[in-house]
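Engineer: So that you have it, the file is query_9.cif, and it contains mmCIF, C-alpha atoms and all ligand atoms; chains and numbers go by the auth columns:
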```
data_data
loop_
_atom_site.group_PDB
_atom_site.id
_atom_site.type_symbol
_atom_site.label_atom_id
_atom_site.label_comp_id
_atom_site.label_asym_id
_atom_site.label_seq_id
_atom_site.Cartn_x
_atom_site.Cartn_y
_atom_site.Cartn_z
_atom_site.B_iso_or_equiv
_atom_site.auth_seq_id
_atom_site.auth_asym_id
ATOM 1 C CA MET A 1 117.957 -56.785 -8.290 0.00 1 Q
ATOM 2 C CA LYS A 2 115.053 -54.840 -9.677 0.00 2 Q
ATOM 3 C CA THR A 3 116.673 -54.744 -13.135 0.00 3 Q
ATOM 4 C CA VAL A 4 117.222 -58.494 -13.114 0.00 4 Q
ATOM 5 C CA HIS A 5 113.630 -59.047 -12.140 0.00 5 Q
ATOM 6 C CA LYS A 6 112.448 -56.854 -15.002 0.00 6 Q
ATOM 7 C CA SER A 7 114.648 -58.732 -17.468 0.00 7 Q
ATOM 8 C CA LEU A 8 113.272 -62.055 -16.344 0.00 8 Q
ATOM 9 C CA LEU A 9 109.749 -60.734 -16.595 0.00 9 Q
ATOM 10 C CA LEU A 10 110.417 -59.473 -20.111 0.00 10 Q
ATOM 11 C CA ALA A 11 111.921 -62.796 -21.141 0.00 11 Q
ATOM 12 C CA ALA A 12 108.967 -64.664 -19.695 0.00 12 Q
ATOM 13 C CA THR A 13 106.553 -62.377 -21.490 0.00 13 Q
ATOM 14 C CA LEU A 14 108.283 -62.959 -24.818 0.00 14 Q
ATOM 15 C CA VAL A 15 108.199 -66.714 -24.322 0.00 15 Q
ATOM 16 C CA LEU A 16 104.524 -66.665 -23.421 0.00 16 Q
ATOM 17 C CA ALA A 17 103.635 -64.451 -26.373 0.00 17 Q
ATOM 18 C CA GLY A 18 105.665 -66.669 -28.640 0.00 18 Q
ATOM 19 C CA PRO A 19 105.595 -66.497 -32.397 0.00 19 Q
ATOM 20 C CA VAL A 20 102.197 -66.125 -33.992 0.00 20 Q
ATOM 21 C CA LEU A 21 101.241 -69.636 -34.936 0.00 21 Q
ATOM 22 C CA ALA A 22 101.004 -69.827 -38.686 0.00 22 Q
ATOM 23 C CA ALA A 23 98.695 -72.380 -40.238 0.00 23 Q
ATOM 24 C CA GLY A 24 100.577 -75.430 -41.410 0.00 24 Q
ATOM 25 C CA PRO A 25 101.050 -76.097 -45.093 0.00 25 Q
ATOM 26 C CA CYS A 26 98.226 -78.640 -45.088 0.00 26 Q
ATOM 27 C CA GLU A 27 95.514 -76.389 -43.750 0.00 27 Q
ATOM 28 C CA ALA A 28 93.903 -73.068 -44.548 0.00 28 Q
ATOM 29 C CA GLU A 29 91.386 -70.660 -43.114 0.00 29 Q
ATOM 30 C CA ILE A 30 88.734 -68.767 -44.963 0.00 30 Q
ATOM 31 C CA GLU A 31 86.142 -66.308 -43.730 0.00 31 Q
ATOM 32 C CA GLY A 32 82.625 -65.557 -44.815 0.00 32 Q
ATOM 33 C CA ASN A 33 80.868 -62.354 -43.777 0.00 33 Q
ATOM 34 C CA ASP A 34 77.458 -60.711 -43.533 0.00 34 Q
ATOM 35 C CA ALA A 35 77.976 -59.172 -46.991 0.00 35 Q
ATOM 36 C CA MET A 36 77.882 -62.644 -48.586 0.00 36 Q
ATOM 37 C CA GLN A 37 81.584 -62.678 -49.361 0.00 37 Q
ATOM 38 C CA PHE A 38 84.514 -65.002 -48.834 0.00 38 Q
ATOM 39 C CA ASN A 39 87.792 -63.276 -47.988 0.00 39 Q
ATOM 40 C CA LYS A 40 89.760 -65.410 -50.449 0.00 40 Q
ATOM 41 C CA ALA A 41 89.342 -65.842 -54.201 0.00 41 Q
ATOM 42 C CA THR A 42 91.851 -68.661 -54.510 0.00 42 Q
ATOM 43 C CA MET A 43 93.174 -71.511 -52.411 0.00 43 Q
ATOM 44 C CA ALA A 44 96.079 -73.821 -53.166 0.00 44 Q
ATOM 45 C CA VAL A 45 96.503 -77.327 -51.825 0.00 45 Q
ATOM 46 C CA PRO A 46 100.086 -78.628 -51.786 0.00 46 Q
ATOM 47 C CA ALA A 47 100.289 -81.973 -53.537 0.00 47 Q
ATOM 48 C CA SER A 48 102.656 -83.114 -50.787 0.00 48 Q
ATOM 49 C CA CYS A 49 99.791 -83.081 -48.243 0.00 49 Q
ATOM 50 C CA LYS A 50 97.978 -86.319 -47.500 0.00 50 Q
ATOM 51 C CA GLN A 51 95.009 -84.501 -46.026 0.00 51 Q
ATOM 52 C CA PHE A 52 94.024 -80.861 -46.279 0.00 52 Q
ATOM 53 C CA LYS A 53 92.005 -79.089 -43.600 0.00 53 Q
ATOM 54 C CA VAL A 54 89.853 -76.062 -44.287 0.00 54 Q
ATOM 55 C CA THR A 55 88.478 -73.990 -41.439 0.00 55 Q
ATOM 56 C CA LEU A 56 85.593 -71.693 -42.261 0.00 56 Q
ATOM 57 C CA LYS A 57 84.904 -68.776 -39.953 0.00 57 Q
ATOM 58 C CA HIS A 58 81.791 -66.649 -40.204 0.00 58 Q
ATOM 59 C CA SER A 59 83.018 -63.199 -39.251 0.00 59 Q
ATOM 60 C CA GLY A 60 79.562 -61.651 -39.341 0.00 60 Q
ATOM 61 C CA LYS A 61 76.675 -61.506 -36.893 0.00 61 Q
ATOM 62 C CA LEU A 62 73.697 -62.746 -38.851 0.00 62 Q
ATOM 63 C CA PRO A 63 72.219 -66.156 -37.987 0.00 63 Q
ATOM 64 C CA LYS A 64 72.760 -69.078 -40.326 0.00 64 Q
ATOM 65 C CA ALA A 65 69.113 -69.154 -41.355 0.00 65 Q
ATOM 66 C CA ALA A 66 69.524 -65.681 -42.865 0.00 66 Q
ATOM 67 C CA MET A 67 73.189 -65.517 -43.922 0.00 67 Q
ATOM 68 C CA GLY A 68 74.523 -69.036 -43.528 0.00 68 Q
ATOM 69 C CA HIS A 69 77.790 -70.045 -45.103 0.00 69 Q
ATOM 70 C CA ASN A 70 79.423 -73.348 -45.833 0.00 70 Q
ATOM 71 C CA TRP A 71 82.465 -74.358 -47.841 0.00 71 Q
ATOM 72 C CA VAL A 72 81.753 -76.867 -50.579 0.00 72 Q
ATOM 73 C CA LEU A 73 84.367 -78.204 -52.983 0.00 73 Q
ATOM 74 C CA SER A 74 83.670 -79.720 -56.378 0.00 74 Q
ATOM 75 C CA LYS A 75 84.986 -79.673 -59.897 0.00 75 Q
ATOM 76 C CA THR A 76 84.216 -76.283 -61.420 0.00 76 Q
ATOM 77 C CA ALA A 77 81.987 -77.988 -63.994 0.00 77 Q
ATOM 78 C CA ASP A 78 79.834 -79.429 -61.187 0.00 78 Q
ATOM 79 C CA VAL A 79 79.218 -76.241 -59.183 0.00 79 Q
ATOM 80 C CA ALA A 80 75.872 -75.293 -60.740 0.00 80 Q
ATOM 81 C CA GLY A 81 74.453 -78.795 -60.343 0.00 81 Q
ATOM 82 C CA VAL A 82 75.682 -79.264 -56.786 0.00 82 Q
ATOM 83 C CA ALA A 83 74.345 -75.850 -55.791 0.00 83 Q
ATOM 84 C CA SER A 84 70.899 -76.327 -57.330 0.00 84 Q
ATOM 85 C CA ASP A 85 70.515 -79.840 -55.924 0.00 85 Q
ATOM 86 C CA GLY A 86 71.582 -78.556 -52.520 0.00 86 Q
ATOM 87 C CA ILE A 87 68.709 -76.087 -52.209 0.00 87 Q
ATOM 88 C CA PRO A 88 65.922 -78.658 -51.713 0.00 88 Q
ATOM 89 C CA ALA A 89 68.164 -80.554 -49.280 0.00 89 Q
ATOM 90 C CA GLY A 90 67.698 -77.616 -46.942 0.00 90 Q
ATOM 91 C CA LEU A 91 69.570 -76.274 -43.958 0.00 91 Q
ATOM 92 C CA ALA A 92 69.111 -79.543 -42.054 0.00 92 Q
ATOM 93 C CA LYS A 93 71.308 -81.214 -44.699 0.00 93 Q
ATOM 94 C CA GLU A 94 73.737 -78.285 -44.906 0.00 94 Q
ATOM 95 C CA TYR A 95 72.348 -77.463 -48.374 0.00 95 Q
ATOM 96 C CA VAL A 96 74.127 -80.481 -49.847 0.00 96 Q
ATOM 97 C CA LYS A 97 72.223 -83.342 -51.436 0.00 97 Q
ATOM 98 C CA ASP A 98 72.629 -86.634 -49.594 0.00 98 Q
ATOM 99 C CA GLY A 99 75.392 -88.739 -51.115 0.00 99 Q
ATOM 100 C CA ASP A 100 76.250 -86.232 -53.819 0.00 100 Q
ATOM 101 C CA ALA A 101 79.298 -87.854 -55.434 0.00 101 Q
ATOM 102 C CA ARG A 102 80.221 -84.576 -57.117 0.00 102 Q
ATOM 103 C CA VAL A 103 81.006 -83.063 -53.704 0.00 103 Q
ATOM 104 C CA ILE A 104 84.667 -83.616 -52.828 0.00 104 Q
ATOM 105 C CA ALA A 105 84.336 -82.054 -49.373 0.00 105 Q
ATOM 106 C CA HIS A 106 82.000 -79.766 -47.517 0.00 106 Q
ATOM 107 C CA THR A 107 81.557 -78.181 -44.117 0.00 107 Q
ATOM 108 C CA LYS A 108 78.328 -77.670 -42.281 0.00 108 Q
ATOM 109 C CA VAL A 109 76.564 -74.312 -42.505 0.00 109 Q
ATOM 110 C CA VAL A 110 77.598 -71.739 -39.913 0.00 110 Q
ATOM 111 C CA GLY A 111 76.164 -68.408 -38.832 0.00 111 Q
ATOM 112 C CA GLY A 112 77.768 -65.255 -37.445 0.00 112 Q
ATOM 113 C CA GLY A 113 80.561 -65.861 -34.957 0.00 113 Q
ATOM 114 C CA GLU A 114 80.703 -69.588 -35.620 0.00 114 Q
ATOM 115 C CA SER A 115 83.400 -71.668 -37.249 0.00 115 Q
ATOM 116 C CA THR A 116 83.682 -75.168 -38.610 0.00 116 Q
ATOM 117 C CA SER A 117 86.213 -77.253 -40.467 0.00 117 Q
ATOM 118 C CA VAL A 118 86.542 -80.176 -42.814 0.00 118 Q
ATOM 119 C CA SER A 119 89.445 -82.365 -43.876 0.00 119 Q
ATOM 120 C CA PHE A 120 89.664 -84.275 -47.119 0.00 120 Q
ATOM 121 C CA ASP A 121 92.053 -86.602 -48.916 0.00 121 Q
ATOM 122 C CA VAL A 122 94.293 -84.665 -51.270 0.00 122 Q
ATOM 123 C CA ALA A 123 94.428 -87.797 -53.442 0.00 123 Q
ATOM 124 C CA LYS A 124 90.908 -86.853 -54.548 0.00 124 Q
ATOM 125 C CA LEU A 125 92.368 -83.899 -56.471 0.00 125 Q
ATOM 126 C CA LYS A 126 93.926 -84.311 -59.881 0.00 126 Q
ATOM 127 C CA ALA A 127 96.601 -82.071 -61.360 0.00 127 Q
ATOM 128 C CA GLY A 128 95.251 -79.903 -64.144 0.00 128 Q
ATOM 129 C CA GLU A 129 91.599 -80.241 -63.067 0.00 129 Q
ATOM 130 C CA ALA A 130 89.672 -77.046 -62.324 0.00 130 Q
ATOM 131 C CA TYR A 131 88.129 -77.002 -58.851 0.00 131 Q
ATOM 132 C CA THR A 132 85.870 -74.426 -57.272 0.00 132 Q
ATOM 133 C CA TYR A 133 84.883 -73.940 -53.655 0.00 133 Q
ATOM 134 C CA PHE A 134 81.628 -72.178 -52.973 0.00 134 Q
ATOM 135 C CA CYS A 135 78.853 -71.579 -50.468 0.00 135 Q
ATOM 136 C CA SER A 136 75.763 -73.648 -51.281 0.00 136 Q
ATOM 137 C CA PHE A 137 73.379 -71.537 -49.189 0.00 137 Q
ATOM 138 C CA PRO A 138 70.579 -70.606 -51.614 0.00 138 Q
ATOM 139 C CA GLY A 139 71.608 -67.659 -53.763 0.00 139 Q
ATOM 140 C CA HIS A 140 75.191 -67.469 -52.508 0.00 140 Q
ATOM 141 C CA SER A 141 77.185 -69.569 -54.976 0.00 141 Q
ATOM 142 C CA GLY A 142 77.154 -66.918 -57.699 0.00 142 Q
ATOM 143 C CA ILE A 143 79.233 -64.605 -55.513 0.00 143 Q
ATOM 144 C CA MET A 144 80.703 -66.776 -52.789 0.00 144 Q
ATOM 145 C CA LYS A 145 83.153 -68.863 -54.755 0.00 145 Q
ATOM 146 C CA GLY A 146 86.817 -69.213 -55.521 0.00 146 Q
ATOM 147 C CA THR A 147 89.281 -71.348 -57.378 0.00 147 Q
ATOM 148 C CA LEU A 148 91.115 -74.200 -55.741 0.00 148 Q
ATOM 149 C CA THR A 149 94.184 -75.707 -57.309 0.00 149 Q
ATOM 150 C CA LEU A 150 96.463 -78.609 -56.564 0.00 150 Q
ATOM 151 C CA ALA A 151 99.875 -76.989 -56.186 0.00 151 Q
ATOM 152 C CA LYS A 152 103.206 -78.733 -56.690 0.00 152 Q
HETATM 153 CO CO CO B . 76.935 -68.239 -47.849 0.00 201 Q
#
```
The structure given in the file should be rewritten as structure tokens.
Structural biologist:
Amino acid sequence: MKTVHKSLLLAATLVLAGPVLAAGPCEAEIEGNDAMQFNKATMAVPASCKQFKVTLKHSGKLPKAAMGHNWVLSKTADVAGVASDGIPAGLAKEYVKDGDARVIAHTKVVGGGESTSVSFDVAKLKAGEAYTYFCSFPGHSGIMKGTLTLAK
């Protein structure tokens, strides 16, 4: 009786623990930290996705006014312009200029322990185009950036 009970308990525990839920193919997570770094240098968006969701987690402890991070996507050629125009927009505008058509997608700015996400239409990406994601917090885009590609 006791053995049966233990077996049931074990089975129940395994069911409750379940498999670790992997992110679906149409979403990705990326982290920013207090050392002004993203934990990924590249991201790939499957062309088969209609929408792609990016979740940004700030794994640090510093407040967003001091070490804020966002995730901004544009063509690589547009990064410098989007970043410089985002500075005067300020934290209240997530360091992104209002109506900036060069911005394909962007999250809000988060501080330590916070997370945020954004979804965008994959149809906005073209095969063969070079895209870069970056943090537009003043001074961060030189280091906090990576390459995003449309994958087959
Ligand atoms: Co940042």
Engineer: Excluding Asp98 of chain Q and any residue of its chain fewer than 6 positions from it, enumerate the residues within 10 Å of it, using only C-alpha atoms, and give them as a PyMOL selection string.
Structural biologist: chain Q and resi 85-86+89
Engineer: Would you please work out which residue, of Q:His69, Q:Lys97, Q:Lys152, Q:His58, is nearest to ligand CO 201 (chain Q) when using all atoms listed in the file?
Structural biologist: Q:His69
Engineer: Name the closest residue to ligand CO 201 (chain Q) among the candidates Q:Ile30, Q:Ala47, Q:Met67, Q:Val96; distances are taken between atoms, counting all atoms listed in the file.
Structural biologist: Q:Met67
Engineer: Contacts between ligand CO 201 (chain Q) and chain Q, please, where a residue of chain Q counts if it comes within 10 Å (with all atoms listed in the file); show its shortest atom pair and distance in Å to one decimal, rows by chain and ascending number, as JSON lines.
Structural biologist:
```
{"residue": "Q:Gly32", "atom": "CA", "partner": "Q:CO201", "partner_atom": "CO", "distance": 7.0}
{"residue": "Q:Asn33", "atom": "CA", "partner": "Q:CO201", "partner_atom": "CO", "distance": 8.2}
{"residue": "Q:Asp34", "atom": "CA", "partner": "Q:CO201", "partner_atom": "CO", "distance": 8.7}
{"residue": "Q:Ala35", "atom": "CA", "partner": "Q:CO201", "partner_atom": "CO", "distance": 9.2}
{"residue": "Q:Met36", "atom": "CA", "partner": "Q:CO201", "partner_atom": "CO", "distance": 5.7}
{"residue": "Q:Gln37", "atom": "CA", "partner": "Q:CO201", "partner_atom": "CO", "distance": 7.4}
{"residue": "Q:Phe38", "atom": "CA", "partner": "Q:CO201", "partner_atom": "CO", "distance": 8.3}
{"residue": "Q:His58", "atom": "CA", "partner": "Q:CO201", "partner_atom": "CO", "distance": 9.2}
{"residue": "Q:Lys64", "atom": "CA", "partner": "Q:CO201", "partner_atom": "CO", "distance": 8.6}
{"residue": "Q:Ala66", "atom": "CA", "partner": "Q:CO201", "partner_atom": "CO", "distance": 9.3}
{"residue": "Q:Met67", "atom": "CA", "partner": "Q:CO201", "partner_atom": "CO", "distance": 6.1}
{"residue": "Q:Gly68", "atom": "CA", "partner": "Q:CO201", "partner_atom": "CO", "distance": 5.0}
{"residue": "Q:His69", "atom": "CA", "partner": "Q:CO201", "partner_atom": "CO", "distance": 3.4}
{"residue": "Q:Asn70", "atom": "CA", "partner": "Q:CO201", "partner_atom": "CO", "distance": 6.0}
{"residue": "Q:Trp71", "atom": "CA", "partner": "Q:CO201", "partner_atom": "CO", "distance": 8.2}
{"residue": "Q:Val109", "atom": "CA", "partner": "Q:CO201", "partner_atom": "CO", "distance": 8.1}
{"residue": "Q:Val110", "atom": "CA", "partner": "Q:CO201", "partner_atom": "CO", "distance": 8.7}
{"residue": "Q:Gly111", "atom": "CA", "partner": "Q:CO201", "partner_atom": "CO", "distance": 9.1}
{"residue": "Q:Phe134", "atom": "CA", "partner": "Q:CO201", "partner_atom": "CO", "distance": 8.0}
{"residue": "Q:Cys135", "atom": "CA", "partner": "Q:CO201", "partner_atom": "CO", "distance": 4.7}
{"residue": "Q:Ser136", "atom": "CA", "partner": "Q:CO201", "partner_atom": "CO", "distance": 6.5}
{"residue": "Q:Phe137", "atom": "CA", "partner": "Q:CO201", "partner_atom": "CO", "distance": 5.0}
{"residue": "Q:Pro138", "atom": "CA", "partner": "Q:CO201", "partner_atom": "CO", "distance": 7.8}
{"residue": "Q:Gly139", "atom": "CA", "partner": "Q:CO201", "partner_atom": "CO", "distance": 8.0}
{"residue": "Q:His140", "atom": "CA", "partner": "Q:CO201", "partner_atom": "CO", "distance": 5.0}
{"residue": "Q:Ser141", "atom": "CA", "partner": "Q:CO201", "partner_atom": "CO", "distance": 7.3}
{"residue": "Q:Gly142", "atom": "CA", "partner": "Q:CO201", "partner_atom": "CO", "distance": 9.9}
{"residue": "Q:Ile143", "atom": "CA", "partner": "Q:CO201", "partner_atom": "CO", "distance": 8.8}
{"residue": "Q:Met144", "atom": "CA", "partner": "Q:CO201", "partner_atom": "CO", "distance": 6.4}
{"residue": "Q:Lys145", "atom": "CA", "partner": "Q:CO201", "partner_atom": "CO", "distance": 9.3}
```
Engineer: Would you mind telling me which residue in Q:Ile87, Q:Val118, Q:Cys49, Q:Ala127 lies nearest to Leu148 of chain Q when using all atoms listed in the file?
Structural biologist: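 Using all atoms listed in the file, Leu148 of chain Q sits closest to Q:Ala127.
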Engineer: Could you tell me which of Q:Val122, Q:Ala130, Q:Thr76, Q:Ala83 comes closest to Glu27 of chain Q if we count only C-alpha atoms?
Structural biologist: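 Closest to Glu27 of chain Q, using only C-alpha atoms: Q:Val122.
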Engineer: Would you mind telling me which residue in Q:Gly99, Q:Gly81, Q:Pro63, Q:Gly146 lies nearest to Lys40 of chain Q when using all atoms listed in the file?
Structural biologist: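 Among the listed residues, the smallest separation from Lys40 of chain Q belongs to Q:Gly146.
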Engineer: Between Q:Leu91, Q:Met43, Q:Leu62, Q:Leu125, which residue has the minimum interatomic distance to Ser74 of chain Q, considering only C-alpha atoms?
Structural biologist: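 Using only C-alpha atoms, the shortest distance to Ser74 of chain Q belongs to Q:Leu125.
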Engineer: List the residues matched by the PyMOL selection byres (((chain Q and resi 51-53) around 8) and not hetatm) in the displayed structure as a list in words, ordered by chain and then by residue number.
Structural biologist: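 Listing what the PyMOL selection byres (((chain Q and resi 51-53) around 8) and not hetatm) selects in the shown file: Cys26, Glu27, Ala28, Val45, Cys49, Lys50, Val54, Thr55, Ser117, Val118, Ser119, Phe120, Asp121 and Val122 of chain Q.
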Engineer: Please measure the separation of atom CA of Tyr133 of chain Q and atom CA of Ala44 of chain Q, giving the value in Å to one decimal.
Structural biologist: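 Separating atom CA of Tyr133 of chain Q from atom CA of Ala44 of chain Q is a distance of 11.2 Å.
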Engineer: Atom CA of Thr107 of chain Q to atom CA of Ala65 of chain Q: how many Å, to one decimal?
Structural biologist: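 Pair atom CA of Thr107 of chain Q / atom CA of Ala65 of chain Q returns 15.6 Å.
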Engineer: What does the distance from atom CA of Lys124 of chain Q to atom CA of Ile104 of chain Q come to in Å, to one decimal?
Structural biologist: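 Atom CA of Ile104 of chain Q lies 7.2 Å from atom CA of Lys124 of chain Q.
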Engineer: Saving segment 28-57 of chain Q with C-alpha atoms, as a PDB file, in the first residue's frame, what would that file be?
Structural biologist:
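Result written to decode.pdb:
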```
ATOM      1  CA  ALA Q  28      12.211  34.702 -28.372  1.00  0.00           C
ATOM      2  CA  GLU Q  29      13.583  36.000 -25.114  1.00  0.00           C
ATOM      3  CA  ILE Q  30      16.541  38.245 -24.620  1.00  0.00           C
ATOM      4  CA  GLU Q  31      18.085  39.637 -21.463  1.00  0.00           C
ATOM      5  CA  GLY Q  32      19.801  42.887 -20.687  1.00  0.00           C
ATOM      6  CA  ASN Q  33      21.935  43.312 -17.574  1.00  0.00           C
ATOM      7  CA  ASP Q  34      23.539  45.917 -15.333  1.00  0.00           C
ATOM      8  CA  ALA Q  35      26.762  45.652 -17.368  1.00  0.00           C
ATOM      9  CA  MET Q  36      24.999  47.142 -20.414  1.00  0.00           C
ATOM     10  CA  GLN Q  37      24.942  43.870 -22.311  1.00  0.00           C
ATOM     11  CA  PHE Q  38      22.401  41.768 -24.152  1.00  0.00           C
ATOM     12  CA  ASN Q  39      22.811  38.015 -23.714  1.00  0.00           C
ATOM     13  CA  LYS Q  40      22.347  37.348 -27.433  1.00  0.00           C
ATOM     14  CA  ALA Q  41      24.320  38.625 -30.419  1.00  0.00           C
ATOM     15  CA  THR Q  42      21.949  37.236 -33.024  1.00  0.00           C
ATOM     16  CA  MET Q  43      18.264  36.474 -33.373  1.00  0.00           C
ATOM     17  CA  ALA Q  44      16.509  34.648 -36.189  1.00  0.00           C
ATOM     18  CA  VAL Q  45      12.885  35.078 -37.162  1.00  0.00           C
ATOM     19  CA  PRO Q  46      11.355  32.148 -39.063  1.00  0.00           C
ATOM     20  CA  ALA Q  47       9.747  33.355 -42.265  1.00  0.00           C
ATOM     21  CA  SER Q  48       6.876  30.960 -41.564  1.00  0.00           C
ATOM     22  CA  CYS Q  49       5.757  33.098 -38.588  1.00  0.00           C
ATOM     23  CA  LYS Q  50       3.004  35.642 -39.108  1.00  0.00           C
ATOM     24  CA  GLN Q  51       3.947  37.536 -35.975  1.00  0.00           C
ATOM     25  CA  PHE Q  52       7.098  37.367 -33.896  1.00  0.00           C
ATOM     26  CA  LYS Q  53       7.154  38.151 -30.184  1.00  0.00           C
ATOM     27  CA  VAL Q  54      10.240  39.343 -28.362  1.00  0.00           C
ATOM     28  CA  THR Q  55      10.343  39.402 -24.583  1.00  0.00           C
ATOM     29  CA  LEU Q  56      13.034  41.530 -22.999  1.00  0.00           C
ATOM     30  CA  LYS Q  57      14.036  40.796 -19.426  1.00  0.00           C
TER      31      LYS Q  57
END
```
